[in-house]
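> Dropping in input-v2.cif, which is mmCIF, C-alpha atoms, pLDDT in the B column; chains and numbers go by the auth columns:
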```
data_protein
#
loop_
_atom_site.group_PDB
_atom_site.id
_atom_site.type_symbol
_atom_site.label_atom_id
_atom_site.label_comp_id
_atom_site.label_asym_id
_atom_site.label_seq_id
_atom_site.Cartn_x
_atom_site.Cartn_y
_atom_site.Cartn_z
_atom_site.B_iso_or_equiv
_atom_site.auth_seq_id
_atom_site.auth_asym_id
ATOM 1 C CA MET A 1 110.321 82.979 96.203 43.00 30 A
ATOM 2 C CA THR A 2 109.659 82.833 99.922 47.00 31 A
ATOM 3 C CA ASP A 3 107.567 79.905 101.037 53.00 32 A
ATOM 4 C CA VAL A 4 104.925 81.216 103.369 49.00 33 A
ATOM 5 C CA MET A 5 104.300 77.794 104.838 52.00 34 A
ATOM 6 C CA THR A 6 107.812 77.591 106.271 50.00 35 A
ATOM 7 C CA THR A 7 107.693 81.092 107.736 49.00 36 A
ATOM 8 C CA THR A 8 107.591 80.938 111.502 49.00 37 A
ATOM 9 C CA PRO A 9 104.937 82.843 113.499 51.00 38 A
ATOM 10 C CA ALA A 10 107.730 84.625 115.367 49.00 39 A
ATOM 11 C CA ARG A 11 109.167 85.934 112.094 50.00 40 A
ATOM 12 C CA ASN A 12 105.676 87.030 111.034 52.00 41 A
ATOM 13 C CA ALA A 13 105.168 88.879 114.315 51.00 42 A
ATOM 14 C CA GLU A 14 108.508 90.597 113.871 51.00 43 A
ATOM 15 C CA ALA A 15 107.634 91.601 110.318 51.00 44 A
ATOM 16 C CA GLN A 16 104.262 92.919 111.459 51.00 45 A
ATOM 17 C CA ALA A 17 105.772 94.959 114.266 49.00 46 A
ATOM 18 C CA GLY A 18 108.192 96.590 111.841 49.00 47 A
ATOM 19 C CA THR A 19 111.859 96.887 112.519 49.00 48 A
ATOM 20 C CA ALA A 20 113.159 95.146 115.588 52.00 49 A
ATOM 21 C CA ARG A 21 115.649 97.928 116.214 62.00 50 A
ATOM 22 C CA GLY A 22 114.904 101.272 117.835 77.00 51 A
ATOM 23 C CA TRP A 23 112.018 102.339 120.003 78.00 52 A
ATOM 24 C CA ARG A 24 108.968 100.125 119.968 78.00 53 A
ATOM 25 C CA PRO A 25 105.677 101.415 121.322 74.00 54 A
ATOM 26 C CA PRO A 26 103.930 99.369 124.025 75.00 55 A
ATOM 27 C CA ALA A 27 101.717 96.503 122.893 74.00 56 A
ATOM 28 C CA TRP A 28 98.419 98.254 123.702 72.00 57 A
ATOM 29 C CA LEU A 29 99.479 101.156 121.482 72.00 58 A
ATOM 30 C CA ARG A 30 100.906 98.920 118.739 72.00 59 A
ATOM 31 C CA ASN A 31 97.847 96.707 118.432 70.00 60 A
ATOM 32 C CA GLY A 32 95.372 99.599 118.495 71.00 61 A
ATOM 33 C CA GLY A 33 93.128 98.161 121.178 78.00 62 A
ATOM 34 C CA PRO A 34 90.048 99.801 122.696 86.00 63 A
ATOM 35 C CA ALA A 35 92.341 102.015 124.833 89.00 64 A
ATOM 36 C CA VAL A 36 93.658 103.766 121.710 90.00 65 A
ATOM 37 C CA THR A 37 90.118 104.243 120.413 92.00 66 A
ATOM 38 C CA GLY A 38 89.284 105.738 123.828 93.00 67 A
ATOM 39 C CA VAL A 39 92.221 108.151 123.489 93.00 68 A
ATOM 40 C CA GLY A 40 90.882 109.244 120.080 94.00 69 A
ATOM 41 C CA ILE A 41 87.365 109.779 121.426 95.00 70 A
ATOM 42 C CA ALA A 42 88.793 111.716 124.400 96.00 71 A
ATOM 43 C CA ALA A 43 90.762 113.975 122.024 96.00 72 A
ATOM 44 C CA ALA A 44 87.633 114.658 119.953 95.00 73 A
ATOM 45 C CA VAL A 45 85.565 115.397 123.079 96.00 74 A
ATOM 46 C CA ALA A 46 88.339 117.731 124.324 96.00 75 A
ATOM 47 C CA GLY A 47 88.238 119.493 120.942 95.00 76 A
ATOM 48 C CA PHE A 48 84.475 120.051 121.137 94.00 77 A
ATOM 49 C CA SER A 49 84.820 121.261 124.738 95.00 78 A
ATOM 50 C CA LEU A 50 87.497 123.705 123.643 94.00 79 A
ATOM 51 C CA ILE A 51 85.233 125.040 120.879 94.00 80 A
ATOM 52 C CA LEU A 52 82.436 125.472 123.446 93.00 81 A
ATOM 53 C CA LEU A 53 84.846 127.241 125.813 94.00 82 A
ATOM 54 C CA GLY A 54 86.046 129.475 122.973 93.00 83 A
ATOM 55 C CA TRP A 55 82.474 130.377 122.084 92.00 84 A
ATOM 56 C CA GLY A 56 81.864 131.435 125.703 92.00 85 A
ATOM 57 C CA GLN A 57 85.008 133.577 125.713 92.00 86 A
ATOM 58 C CA VAL A 58 84.299 135.158 122.315 92.00 87 A
ATOM 59 C CA ALA A 59 80.697 135.945 123.221 91.00 88 A
ATOM 60 C CA GLY A 60 81.927 137.709 126.384 92.00 89 A
ATOM 61 C CA GLU A 61 84.113 140.165 124.430 91.00 90 A
ATOM 62 C CA ARG A 62 82.682 143.206 122.682 90.00 91 A
ATOM 63 C CA THR A 63 85.611 144.095 120.399 92.00 92 A
ATOM 64 C CA VAL A 64 86.738 142.010 117.445 91.00 93 A
ATOM 65 C CA ALA A 65 90.409 142.585 118.270 91.00 94 A
ATOM 66 C CA ARG A 66 89.879 140.786 121.596 91.00 95 A
ATOM 67 C CA GLN A 67 87.713 138.075 120.060 91.00 96 A
ATOM 68 C CA ILE A 68 90.176 136.936 117.399 90.00 97 A
ATOM 69 C CA PRO A 69 92.771 135.477 119.852 91.00 98 A
ATOM 70 C CA HIS A 70 90.029 133.378 121.488 90.00 99 A
ATOM 71 C CA LEU A 71 88.827 132.316 118.063 90.00 100 A
ATOM 72 C CA VAL A 72 92.286 131.114 117.078 89.00 101 A
ATOM 73 C CA ALA A 73 93.284 129.650 120.463 91.00 102 A
ATOM 74 C CA ALA A 74 90.076 127.796 121.231 91.00 103 A
ATOM 75 C CA GLY A 75 88.160 127.484 117.962 91.00 104 A
ATOM 76 C CA VAL A 76 90.898 126.446 115.571 92.00 105 A
ATOM 77 C CA THR A 77 92.767 124.375 118.200 93.00 106 A
ATOM 78 C CA GLY A 78 89.513 122.626 119.105 94.00 107 A
ATOM 79 C CA LEU A 79 88.880 121.797 115.460 93.00 108 A
ATOM 80 C CA ALA A 80 92.434 120.482 115.156 94.00 109 A
ATOM 81 C CA LEU A 81 91.940 118.309 118.265 95.00 110 A
ATOM 82 C CA VAL A 82 88.741 116.864 116.791 95.00 111 A
ATOM 83 C CA LEU A 83 90.625 115.938 113.608 95.00 112 A
ATOM 84 C CA VAL A 84 93.507 114.433 115.613 95.00 113 A
ATOM 85 C CA GLY A 85 90.998 112.339 117.591 95.00 114 A
ATOM 86 C CA LEU A 86 89.413 111.182 114.355 94.00 115 A
ATOM 87 C CA VAL A 87 92.767 110.097 112.925 94.00 116 A
ATOM 88 C CA VAL A 88 93.618 108.218 116.158 94.00 117 A
ATOM 89 C CA ILE A 89 90.260 106.379 115.993 94.00 118 A
ATOM 90 C CA ASP A 90 90.920 105.514 112.345 93.00 119 A
ATOM 91 C CA VAL A 91 94.433 104.218 113.041 92.00 120 A
ATOM 92 C CA ALA A 92 93.194 102.150 116.020 92.00 121 A
ATOM 93 C CA ALA A 93 90.474 100.566 113.871 91.00 122 A
ATOM 94 C CA ARG A 94 92.996 99.797 111.112 91.00 123 A
ATOM 95 C CA ARG A 95 95.380 98.180 113.597 90.00 124 A
ATOM 96 C CA GLN A 96 92.596 96.025 115.083 89.00 125 A
ATOM 97 C CA ASP A 97 91.551 94.873 111.617 90.00 126 A
ATOM 98 C CA ALA A 98 95.151 94.148 110.638 90.00 127 A
ATOM 99 C CA ARG A 99 95.616 92.037 113.778 89.00 128 A
ATOM 100 C CA ALA A 100 92.470 90.023 113.020 90.00 129 A
ATOM 101 C CA ARG A 101 93.633 89.533 109.411 91.00 130 A
ATOM 102 C CA HIS A 102 97.057 88.410 110.641 92.00 131 A
ATOM 103 C CA ARG A 103 95.439 85.822 112.944 92.00 132 A
ATOM 104 C CA GLN A 104 93.443 84.456 110.012 91.00 133 A
ATOM 105 C CA SER A 105 96.520 84.249 107.810 92.00 134 A
ATOM 106 C CA GLU A 106 98.338 82.329 110.558 93.00 135 A
ATOM 107 C CA GLN A 107 95.439 79.852 110.735 91.00 136 A
ATOM 108 C CA LEU A 108 95.431 79.386 106.966 92.00 137 A
ATOM 109 C CA ILE A 109 99.210 78.940 106.814 93.00 138 A
ATOM 110 C CA GLU A 110 99.016 76.393 109.645 91.00 139 A
ATOM 111 C CA VAL A 111 96.338 74.337 107.889 90.00 140 A
ATOM 112 C CA LEU A 112 98.185 74.512 104.543 91.00 141 A
ATOM 113 C CA ALA A 113 101.396 73.360 106.239 92.00 142 A
ATOM 114 C CA GLU A 114 99.506 70.398 107.721 91.00 143 A
ATOM 115 C CA ILE A 115 98.075 69.563 104.280 90.00 144 A
ATOM 116 C CA LYS A 116 101.565 69.771 102.809 89.00 145 A
ATOM 117 C CA ALA A 117 102.927 67.416 105.479 89.00 146 A
ATOM 118 C CA ALA A 118 100.020 65.002 105.010 87.00 147 A
ATOM 119 C CA VAL A 119 100.460 64.963 101.199 87.00 148 A
ATOM 120 C CA ARG A 120 104.211 64.425 101.569 86.00 149 A
ATOM 121 C CA SER A 121 103.807 61.481 103.961 84.00 150 A
ATOM 122 C CA ASP A 122 101.104 60.038 101.690 78.00 151 A
ATOM 123 C CA VAL A 123 103.391 60.216 98.634 78.00 152 A
ATOM 124 C CA VAL A 124 106.347 58.746 100.543 77.00 153 A
ATOM 125 C CA ALA A 125 104.171 55.910 101.858 76.00 154 A
ATOM 126 C CA SER A 126 102.857 54.996 98.394 76.00 155 A
ATOM 127 C CA ASN A 127 106.159 55.281 96.456 72.00 156 A
ATOM 128 C CA GLY A 128 108.853 54.769 99.048 65.00 157 A
ATOM 129 C CA VAL A 129 110.616 57.960 97.910 59.00 158 A
ATOM 130 C CA ALA A 130 109.968 61.600 98.590 55.00 159 A
ATOM 131 C CA LEU A 131 108.871 63.304 95.384 54.00 160 A
ATOM 132 C CA LEU A 132 108.307 66.601 97.071 54.00 161 A
ATOM 133 C CA PRO A 133 111.538 68.444 97.840 56.00 162 A
ATOM 134 C CA GLU A 134 112.597 68.521 101.481 55.00 163 A
ATOM 135 C CA GLU A 135 112.015 71.760 103.307 53.00 164 A
ATOM 136 C CA SER A 136 115.056 73.945 103.337 50.00 165 A
ATOM 137 C CA SER A 137 115.649 76.676 105.894 46.00 166 A
ATOM 138 C CA ASP A 138 114.006 79.402 103.867 48.00 167 A
ATOM 139 C CA SER A 139 111.968 78.046 100.977 48.00 168 A
ATOM 140 C CA ALA A 140 110.802 74.682 99.750 51.00 169 A
ATOM 141 C CA PHE A 141 110.454 75.778 96.117 49.00 170 A
ATOM 142 C CA SER A 142 112.956 78.270 94.893 51.00 171 A
ATOM 143 C CA THR A 143 111.106 79.079 91.649 55.00 172 A
ATOM 144 C CA PRO A 144 107.499 78.798 90.472 54.00 173 A
ATOM 145 C CA LEU A 145 108.671 76.454 87.687 59.00 174 A
ATOM 146 C CA GLU A 146 110.077 74.074 90.311 61.00 175 A
ATOM 147 C CA LEU A 147 106.751 74.118 92.132 56.00 176 A
ATOM 148 C CA VAL A 148 104.865 73.267 88.901 60.00 177 A
ATOM 149 C CA ALA A 149 107.331 70.492 88.047 64.00 178 A
ATOM 150 C CA SER A 150 107.029 69.065 91.543 61.00 179 A
ATOM 151 C CA SER A 151 103.230 69.058 91.470 60.00 180 A
ATOM 152 C CA LYS A 152 103.346 67.323 88.036 64.00 181 A
ATOM 153 C CA ARG A 153 105.610 64.622 89.497 65.00 182 A
ATOM 154 C CA VAL A 154 103.224 64.140 92.410 60.00 183 A
ATOM 155 C CA ARG A 155 100.240 63.853 90.081 64.00 184 A
ATOM 156 C CA ALA A 156 102.085 61.361 87.863 69.00 185 A
ATOM 157 C CA ALA A 157 103.075 59.280 90.894 63.00 186 A
ATOM 158 C CA ALA A 158 99.532 59.289 92.176 59.00 187 A
ATOM 159 C CA GLY A 159 98.311 58.135 88.734 62.00 188 A
ATOM 160 C CA ALA A 160 100.900 55.331 88.643 59.00 189 A
ATOM 161 C CA GLY A 161 99.957 54.204 92.142 52.00 190 A
ATOM 162 C CA ARG A 162 96.280 53.665 91.185 50.00 191 A
ATOM 163 C CA MET B 1 57.851 97.941 112.180 71.00 28 B
ATOM 164 C CA ARG B 2 59.549 94.545 112.445 73.00 29 B
ATOM 165 C CA ARG B 3 62.087 95.624 109.823 72.00 30 B
ATOM 166 C CA LEU B 4 62.815 98.770 111.850 72.00 31 B
ATOM 167 C CA THR B 5 63.349 96.701 115.024 76.00 32 B
ATOM 168 C CA SER B 6 65.728 94.317 113.269 73.00 33 B
ATOM 169 C CA ALA B 7 67.602 97.285 111.755 71.00 34 B
ATOM 170 C CA ALA B 8 67.984 98.823 115.223 74.00 35 B
ATOM 171 C CA ARG B 9 69.497 95.548 116.492 80.00 36 B
ATOM 172 C CA ASP B 10 72.199 95.669 113.796 84.00 37 B
ATOM 173 C CA PRO B 11 75.100 97.616 115.393 86.00 38 B
ATOM 174 C CA PHE B 12 76.306 98.849 112.004 89.00 39 B
ATOM 175 C CA LEU B 13 72.934 100.301 110.997 91.00 40 B
ATOM 176 C CA ALA B 14 72.394 101.762 114.484 91.00 41 B
ATOM 177 C CA SER B 15 75.801 103.496 114.421 92.00 42 B
ATOM 178 C CA MET B 16 75.201 104.772 110.891 93.00 43 B
ATOM 179 C CA ALA B 17 71.846 106.204 111.976 93.00 44 B
ATOM 180 C CA VAL B 18 73.468 107.983 114.960 93.00 45 B
ATOM 181 C CA LEU B 19 76.253 109.325 112.746 94.00 46 B
ATOM 182 C CA GLY B 20 73.714 110.422 110.128 95.00 47 B
ATOM 183 C CA VAL B 21 71.886 112.417 112.813 95.00 48 B
ATOM 184 C CA LEU B 22 75.252 113.907 113.897 94.00 49 B
ATOM 185 C CA VAL B 23 76.017 114.999 110.321 95.00 50 B
ATOM 186 C CA ALA B 24 72.523 116.474 109.934 96.00 51 B
ATOM 187 C CA CYS B 25 72.968 118.364 113.243 95.00 52 B
ATOM 188 C CA SER B 26 76.283 119.776 112.025 94.00 53 B
ATOM 189 C CA LEU B 27 74.652 121.066 108.847 94.00 54 B
ATOM 190 C CA VAL B 28 71.836 122.621 110.922 95.00 55 B
ATOM 191 C CA ALA B 29 74.482 124.269 113.166 93.00 56 B
ATOM 192 C CA VAL B 30 76.231 125.799 110.146 93.00 57 B
ATOM 193 C CA ALA B 31 72.880 127.024 108.771 93.00 58 B
ATOM 194 C CA MET B 32 71.965 128.544 112.154 93.00 59 B
ATOM 195 C CA ALA B 33 75.369 130.232 112.338 92.00 60 B
ATOM 196 C CA TRP B 34 74.840 131.695 108.895 92.00 61 B
ATOM 197 C CA ARG B 35 71.385 132.939 109.898 92.00 62 B
ATOM 198 C CA GLY B 36 72.676 134.455 113.144 92.00 63 B
ATOM 199 C CA ALA B 37 75.671 136.115 111.491 91.00 64 B
ATOM 200 C CA ALA B 38 73.503 137.470 108.668 92.00 65 B
ATOM 201 C CA GLY B 39 71.097 138.951 111.199 92.00 66 B
ATOM 202 C CA THR B 40 73.544 141.534 112.522 90.00 67 B
ATOM 203 C CA ARG B 41 75.882 144.127 111.019 90.00 68 B
ATOM 204 C CA ASP B 42 78.104 144.201 114.111 92.00 69 B
ATOM 205 C CA VAL B 43 81.207 142.084 113.459 92.00 70 B
ATOM 206 C CA SER B 44 81.790 141.504 117.190 91.00 71 B
ATOM 207 C CA ALA B 45 78.329 139.940 117.375 92.00 72 B
ATOM 208 C CA GLN B 46 79.014 137.812 114.292 92.00 73 B
ATOM 209 C CA VAL B 47 82.222 136.213 115.571 92.00 74 B
ATOM 210 C CA PRO B 48 80.502 134.090 118.298 92.00 75 B
ATOM 211 C CA TYR B 49 78.263 132.617 115.578 92.00 76 B
ATOM 212 C CA ILE B 50 81.350 131.725 113.564 90.00 77 B
ATOM 213 C CA VAL B 51 82.937 129.979 116.566 90.00 78 B
ATOM 214 C CA SER B 52 79.893 128.057 117.775 89.00 79 B
ATOM 215 C CA GLY B 53 78.097 127.394 114.494 90.00 80 B
ATOM 216 C CA ALA B 54 80.689 127.346 111.756 90.00 81 B
ATOM 217 C CA ILE B 55 83.731 125.898 113.556 92.00 82 B
ATOM 218 C CA GLY B 56 81.665 123.691 115.869 92.00 83 B
ATOM 219 C CA GLY B 57 79.484 122.541 112.980 93.00 84 B
ATOM 220 C CA LEU B 58 82.513 121.870 110.807 93.00 85 B
ATOM 221 C CA GLY B 59 84.084 119.832 113.630 93.00 86 B
ATOM 222 C CA LEU B 60 80.909 117.819 114.061 94.00 87 B
ATOM 223 C CA LEU B 61 80.668 117.280 110.303 95.00 88 B
ATOM 224 C CA ALA B 62 84.284 116.115 110.017 94.00 89 B
ATOM 225 C CA PHE B 63 83.924 113.814 113.033 94.00 90 B
ATOM 226 C CA GLY B 64 80.621 112.329 111.863 95.00 91 B
ATOM 227 C CA LEU B 65 81.763 111.713 108.297 95.00 92 B
ATOM 228 C CA GLY B 66 85.149 110.391 109.440 94.00 93 B
ATOM 229 C CA VAL B 67 83.656 107.852 111.853 94.00 94 B
ATOM 230 C CA MET B 68 81.151 106.901 109.128 94.00 95 B
ATOM 231 C CA VAL B 69 84.042 106.097 106.773 94.00 96 B
ATOM 232 C CA VAL B 70 85.744 104.065 109.546 93.00 97 B
ATOM 233 C CA GLN B 71 82.531 102.101 110.152 93.00 98 B
ATOM 234 C CA LEU B 72 82.017 101.395 106.446 94.00 99 B
ATOM 235 C CA ARG B 73 85.593 100.189 106.060 93.00 100 B
ATOM 236 C CA ARG B 74 85.305 97.963 109.138 92.00 101 B
ATOM 237 C CA ARG B 75 82.144 96.423 107.716 92.00 102 B
ATOM 238 C CA ASP B 76 83.970 95.643 104.450 93.00 103 B
ATOM 239 C CA GLU B 77 86.868 94.183 106.439 92.00 104 B
ATOM 240 C CA ALA B 78 84.459 91.965 108.387 92.00 105 B
ATOM 241 C CA ALA B 79 82.941 90.709 105.115 92.00 106 B
ATOM 242 C CA GLN B 80 86.425 89.999 103.775 92.00 107 B
ATOM 243 C CA ARG B 81 87.331 88.124 106.978 92.00 108 B
ATOM 244 C CA GLN B 82 84.211 86.001 106.573 93.00 109 B
ATOM 245 C CA GLU B 83 85.404 85.068 103.086 93.00 110 B
ATOM 246 C CA VAL B 84 88.841 84.098 104.425 92.00 111 B
ATOM 247 C CA ASP B 85 87.133 82.078 107.173 92.00 112 B
ATOM 248 C CA ARG B 86 85.404 80.125 104.413 93.00 113 B
ATOM 249 C CA VAL B 87 88.771 79.505 102.739 92.00 114 B
ATOM 250 C CA VAL B 88 90.238 78.299 106.069 91.00 115 B
ATOM 251 C CA ALA B 89 87.230 75.996 106.566 92.00 116 B
ATOM 252 C CA ALA B 90 87.695 74.608 103.030 92.00 117 B
ATOM 253 C CA ALA B 91 91.400 74.021 103.735 91.00 118 B
ATOM 254 C CA ARG B 92 90.486 72.185 106.964 90.00 119 B
ATOM 255 C CA GLU B 93 88.053 69.990 105.029 91.00 120 B
ATOM 256 C CA LEU B 94 90.793 69.252 102.499 90.00 121 B
ATOM 257 C CA LEU B 95 93.170 68.370 105.345 89.00 122 B
ATOM 258 C CA ALA B 96 90.592 66.006 106.858 89.00 123 B
ATOM 259 C CA GLU B 97 90.114 64.428 103.425 87.00 124 B
ATOM 260 C CA VAL B 98 93.864 63.971 102.916 85.00 125 B
ATOM 261 C CA GLN B 99 94.367 62.564 106.413 82.00 126 B
ATOM 262 C CA GLY B 100 91.393 60.231 105.993 79.00 127 B
ATOM 263 C CA ARG B 101 92.893 58.525 102.918 68.00 128 B
#
```
Could you write out this structure as structure tokens?

Amino acid sequence: MTDVMTTTPARNAEAQAGTARGWRPPAWLRNGGPAVTGVGIAAAVAGFSLILLGWGQVAGERTVARQIPHLVAAGVTGLALVLVGLVVIDVAARRQDARARHRQSEQLIEVLAEIKAAVRSDVVASNGVALLPEESSDSAFSTPLELVASSKRVRAAAGAGR
Amino acid sequence: MRRLTSAARDPFLASMAVLGVLVACSLVAVAMAWRGAAGTRDVSAQVPYIVSGAIGGLGLLAFGLGVMVVQLRRRDEAAQRQEVDRVVAAARELLAEVQGR
């Protein structure tokens, strides 16, 4: 079991960004800021403009055989651009939300780590020995059973101290 | 009237109203395209209606509904973040309690 409280922010950032190897998009693209939303809106506007342009071209032709290429080139492409813009807006919004959620998780992990440290120092001060296991490099509690046993020991020590 | 003013101040409700109008406009465009295309037997006169009304209307409909879904999801995310903020605040209170002992 990985202990989230001992996970460093740098490792979290790396995990969020995906693999460290290979090409990484620039930060403004990765985080889905307002610039990406702007790109999506621009694509949708370009799509609508293309549909408008296609309508003008199609209306200017009198034979269906000449109208169909304009219909496909401008109409269908414009519709596709609108959908692409919509997807870009959606992805940008998802990225922004994910970043905000990540910030909150970092805050919570930070506070929980402080609580853990405070509880540990409290227990050591009252008993003279550390009942909570020392933090290892990767995880403080290797199994859930160990965590339960440790919390039982802490509770028992607190009861004995009173 | 006061309720309407307060609803207009809420960015979520205002955006949903704008998007609702956009979706309604797209449906009107499709209906107008149908009416225009049905009014003539000349296919070359019908095609412009298909491009402007049907494809344009469909694009507007997809865009409006898509952004509506994005807005709804963002609102849910904001509510969820508020809940997590409460958890963080409770953890901070617990920390203060532990440190105060």
> Would you kindly report the residues of chain A within 9 Å of chain B, using all atoms listed in the file, as a JSON list (two decimals) with C-alpha atoms, keeping the file's coordinate frame?

```
[["chain", "number", "residue", "atom", "x", "y", "z"],
["A", 73, "ALA", "CA", 87.63, 114.66, 119.95],
["A", 76, "GLY", "CA", 88.24, 119.49, 120.94],
["A", 77, "PHE", "CA", 84.48, 120.05, 121.14],
["A", 80, "ILE", "CA", 85.23, 125.04, 120.88],
["A", 81, "LEU", "CA", 82.44, 125.47, 123.45],
["A", 83, "GLY", "CA", 86.05, 129.48, 122.97],
["A", 84, "TRP", "CA", 82.47, 130.38, 122.08],
["A", 85, "GLY", "CA", 81.86, 131.44, 125.70],
["A", 86, "GLN", "CA", 85.01, 133.58, 125.71],
["A", 87, "VAL", "CA", 84.30, 135.16, 122.32],
["A", 88, "ALA", "CA", 80.70, 135.94, 123.22],
["A", 89, "GLY", "CA", 81.93, 137.71, 126.38],
["A", 90, "GLU", "CA", 84.11, 140.16, 124.43],
["A", 91, "ARG", "CA", 82.68, 143.21, 122.68],
["A", 92, "THR", "CA", 85.61, 144.10, 120.40],
["A", 93, "VAL", "CA", 86.74, 142.01, 117.44],
["A", 94, "ALA", "CA", 90.41, 142.58, 118.27],
["A", 96, "GLN", "CA", 87.71, 138.07, 120.06],
["A", 97, "ILE", "CA", 90.18, 136.94, 117.40],
["A", 100, "LEU", "CA", 88.83, 132.32, 118.06],
["A", 103, "ALA", "CA", 90.08, 127.80, 121.23],
["A", 104, "GLY", "CA", 88.16, 127.48, 117.96],
["A", 105, "VAL", "CA", 90.90, 126.45, 115.57],
["A", 107, "GLY", "CA", 89.51, 122.63, 119.10],
["A", 108, "LEU", "CA", 88.88, 121.80, 115.46],
["A", 109, "ALA", "CA", 92.43, 120.48, 115.16],
["A", 111, "VAL", "CA", 88.74, 116.86, 116.79],
["A", 112, "LEU", "CA", 90.62, 115.94, 113.61],
["A", 114, "GLY", "CA", 91.00, 112.34, 117.59],
["A", 115, "LEU", "CA", 89.41, 111.18, 114.36],
["A", 116, "VAL", "CA", 92.77, 110.10, 112.92],
["A", 118, "ILE", "CA", 90.26, 106.38, 115.99],
["A", 119, "ASP", "CA", 90.92, 105.51, 112.34],
["A", 122, "ALA", "CA", 90.47, 100.57, 113.87],
["A", 123, "ARG", "CA", 93.00, 99.80, 111.11],
["A", 126, "ASP", "CA", 91.55, 94.87, 111.62],
["A", 129, "ALA", "CA", 92.47, 90.02, 113.02],
["A", 130, "ARG", "CA", 93.63, 89.53, 109.41],
["A", 133, "GLN", "CA", 93.44, 84.46, 110.01],
["A", 134, "SER", "CA", 96.52, 84.25, 107.81],
["A", 136, "GLN", "CA", 95.44, 79.85, 110.74],
["A", 137, "LEU", "CA", 95.43, 79.39, 106.97],
["A", 140, "VAL", "CA", 96.34, 74.34, 107.89],
["A", 141, "LEU", "CA", 98.18, 74.51, 104.54],
["A", 143, "GLU", "CA", 99.51, 70.40, 107.72],
["A", 144, "ILE", "CA", 98.08, 69.56, 104.28],
["A", 145, "LYS", "CA", 101.56, 69.77, 102.81],
["A", 147, "ALA", "CA", 100.02, 65.00, 105.01],
["A", 148, "VAL", "CA", 100.46, 64.96, 101.20],
["A", 151, "ASP", "CA", 101.10, 60.04, 101.69]]
```
> So how many Å separate atom CA of A:Ala102 and atom CA of A:Ala75, to one decimal?
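Result for atom CA of A:Ala102 versus atom CA of A:Ala75: 13.5 Å, one decimal.
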> If I take atom CA of B:Met43 and atom CA of A:Val117, how far is one from the other in Å, to one decimal?
19.5 Å
> For atom CA of A:Val120 and atom CA of B:Ser53, determine how far apart the two atoms are, in Å to one decimal place.
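Between atom CA of A:Val120 and atom CA of B:Ser53 the gap works out to 23.9 Å.
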> Would you mind listing what lies within 12 Å of A:Trp57 as a compact mmCIF listing (two decimals) with C-alpha atoms, keeping the file's coordinate frame, with all atoms listed in the file counted and same-chain residues fewer than 3 positions away left out?

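Result went into around33.txt, see below:
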```txt
# COMPACT_ATOMS: atom_id res chain seq x y z
CA ARG A 53 108.97 100.12 119.97
CA PRO A 54 105.68 101.42 121.32
CA ASN A 60 97.85 96.71 118.43
CA GLY A 61 95.37 99.60 118.50
CA GLY A 62 93.13 98.16 121.18
CA PRO A 63 90.05 99.80 122.70
CA ALA A 64 92.34 102.02 124.83
CA VAL A 65 93.66 103.77 121.71
CA THR A 66 90.12 104.24 120.41
CA GLY A 67 89.28 105.74 123.83
CA VAL A 68 92.22 108.15 123.49
CA ALA A 121 93.19 102.15 116.02
CA ARG A 124 95.38 98.18 113.60
CA GLN A 125 92.60 96.02 115.08
```
> Could you model N, CA and C atoms for stretch 80-90 of chain B and present them as a JSON list (two decimals), in the coordinates of the input?

```json
[["chain", "number", "residue", "atom", "x", "y", "z"],
["B", 80, "GLY", "N", 78.81, 128.05, 115.61],
["B", 80, "GLY", "CA", 78.10, 127.39, 114.49],
["B", 80, "GLY", "C", 79.02, 126.87, 113.43],
["B", 81, "ALA", "N", 79.88, 127.75, 112.90],
["B", 81, "ALA", "CA", 80.69, 127.35, 111.76],
["B", 81, "ALA", "C", 81.80, 126.38, 112.17],
["B", 82, "ILE", "N", 82.61, 126.78, 113.16],
["B", 82, "ILE", "CA", 83.73, 125.90, 113.56],
["B", 82, "ILE", "C", 83.20, 124.64, 114.26],
["B", 83, "GLY", "N", 82.26, 124.85, 115.18],
["B", 83, "GLY", "CA", 81.67, 123.69, 115.87],
["B", 83, "GLY", "C", 80.96, 122.76, 114.90],
["B", 84, "GLY", "N", 80.20, 123.34, 113.98],
["B", 84, "GLY", "CA", 79.48, 122.54, 112.98],
["B", 84, "GLY", "C", 80.44, 121.80, 112.07],
["B", 85, "LEU", "N", 81.51, 122.50, 111.67],
["B", 85, "LEU", "CA", 82.51, 121.87, 110.81],
["B", 85, "LEU", "C", 83.19, 120.70, 111.53],
["B", 86, "GLY", "N", 83.49, 120.91, 112.83],
["B", 86, "GLY", "CA", 84.08, 119.83, 113.63],
["B", 86, "GLY", "C", 83.17, 118.64, 113.72],
["B", 87, "LEU", "N", 81.89, 118.91, 113.98],
["B", 87, "LEU", "CA", 80.91, 117.82, 114.06],
["B", 87, "LEU", "C", 80.79, 117.09, 112.72],
["B", 88, "LEU", "N", 80.79, 117.87, 111.64],
["B", 88, "LEU", "CA", 80.67, 117.28, 110.30],
["B", 88, "LEU", "C", 81.86, 116.38, 110.00],
["B", 89, "ALA", "N", 83.07, 116.90, 110.28],
["B", 89, "ALA", "CA", 84.28, 116.12, 110.02],
["B", 89, "ALA", "C", 84.29, 114.84, 110.85],
["B", 90, "PHE", "N", 83.93, 114.97, 112.14],
["B", 90, "PHE", "CA", 83.92, 113.81, 113.03],
["B", 90, "PHE", "C", 82.89, 112.77, 112.57]]
```
